[in-house]
Amino acid sequence: MQILEHIHVNVNSLAASRRFLELAVPHIVVRGGGEAAGYGPWMHIGDDRSYIAMTEVKGSTPPAELRHIGLLVDDADALIARLAAAGYTPADDSELSTHPHRRRVYYVDANGID
């Protein structure tokens, strides 16, 4: 059963979000994108079940109410290696080995989204 079909966020840079997401979850693809009159550049990135919709709004920052977006990956160690090779460091890896149900590691992308 799928719970979430998509989320839509404003970002300062579509290119920065795309770079991070493609590194973090290599199987995802850009499902659509373009320029919407009155809204600006947009992109949907994900897989055939769910995606993240983004609109580029220069100067935007994540709202304080957005704590983080969680992504499921098959291999946390491979994720850490891919992101390290691209210059990303974990914002918090405190539960990487201690959580009883899953391994978690947090990053902040170039748009400030955790």
# chains A, B, ... in the order shown; residues from 1 in each chain; ligands from 1
$ residues_around --residues "segment 78-95 of chain A" --least-positions-apart "6" --cutoff "12 Å" --atoms "only C-alpha atoms" --output "list of chain:residue names"
A:Arg19, A:Phe20, A:Leu21, A:Glu22, A:Leu23, A:Ala24, A:Val25, A:Pro26, A:His68, A:Leu71, A:Leu72, A:His101, A:Arg102, A:Arg103, A:Arg104, A:Val105, A:Tyr106, A:Tyr107, A:Val108, A:Asp109, A:Ala110, A:Gly112, A:Ile113, A:Asp114
$ select_by_dssp --residues "chain A" --states "alpha helix (DSSP H)" --output "JSON, numbers by chain"
{"A": [14, 15, 16, 17, 18, 19, 20, 21, 22, 23, 24, 76, 77, 78, 79, 80, 81, 82, 83, 84, 85]}
$ atom_distance --atom1 "atom CA of Ala37 of chain A" --atom2 "atom CA of Ile69 of chain A"
27.4 Å
$ closest_residue --among "A:Glu5, A:Ile28, A:Ser13, A:Lys58" --to "Gly46 of chain A" --atoms "only C-alpha atoms"
A:Ile28
$ atom_distance --atom1 "atom CA of Thr55 of chain A" --atom2 "atom CA of His27 of chain A"
21.5 Å
$ residues_around --residues "Ile3 of chain A" --least-positions-apart "3" --cutoff "12 Å" --atoms "only C-alpha atoms" --output "list in words"
His6, Ile7, Arg49, Ser50 and Tyr51 of chain A
$ residues_around --residues "Pro62 of chain A" --least-positions-apart "3" --cutoff "9 Å" --atoms "only C-alpha atoms" --output "CSV table (one decimal) with N, CA and C atoms, in the first residue's frame"
chain,number,residue,atom,x,y,z
A,9,VAL,N,6.9,21.4,-3.0
A,9,VAL,CA,7.6,22.4,-2.2
A,9,VAL,C,8.2,23.5,-3.2
A,10,ASN,N,8.4,24.7,-2.7
A,10,ASN,CA,9.1,25.7,-3.4
A,10,ASN,C,10.6,25.6,-3.1
A,11,VAL,N,11.4,25.7,-4.1
A,11,VAL,CA,12.9,25.6,-3.8
A,11,VAL,C,13.5,26.8,-4.5
A,65,GLU,N,7.7,25.2,9.3
A,65,GLU,CA,6.9,24.0,9.6
A,65,GLU,C,7.3,22.7,9.0
A,66,LEU,N,8.2,22.8,8.0
A,66,LEU,CA,8.7,21.6,7.3
A,66,LEU,C,9.9,21.1,8.1
A,67,ARG,N,9.8,20.1,8.8
A,67,ARG,CA,10.9,19.6,9.6
A,67,ARG,C,11.9,18.8,8.8
A,111,ASN,N,19.2,23.7,-0.9
A,111,ASN,CA,18.1,24.6,-0.7
A,111,ASN,C,17.7,24.7,0.8
A,112,GLY,N,18.4,24.0,1.6
A,112,GLY,CA,18.1,24.1,3.1
A,112,GLY,C,17.1,23.1,3.5
A,113,ILE,N,16.7,22.1,2.6
A,113,ILE,CA,15.7,21.2,3.0
A,113,ILE,C,16.4,20.0,3.7
A,114,ASP,N,15.9,19.6,4.8
A,114,ASP,CA,16.5,18.5,5.6
A,114,ASP,C,15.7,17.2,5.2
$ atom_distance --atom1 "atom CA of Ala64 of chain A" --atom2 "atom CA of Thr98 of chain A"
27.7 Å
$ select_by_dssp --residues "segment 18-92 of chain A" --states "strand (DSSP E or B)" --output "list of chain:residue names"
A:Val29, A:Val30, A:Arg31, A:Gly32, A:Gly33, A:Gly34, A:Glu35, A:Ala36, A:Gly40, A:Pro41, A:Trp42, A:Met43, A:His44, A:Ile45, A:Gly46, A:Tyr51, A:Ile52, A:Ala53, A:Met54, A:Thr55, A:Glu56, A:Asp92
$ closest_residue --among "A:Ser97, A:Ala53, A:Pro63, A:Gly38" --to "His8 of chain A" --atoms "only C-alpha atoms"
A:Ala53
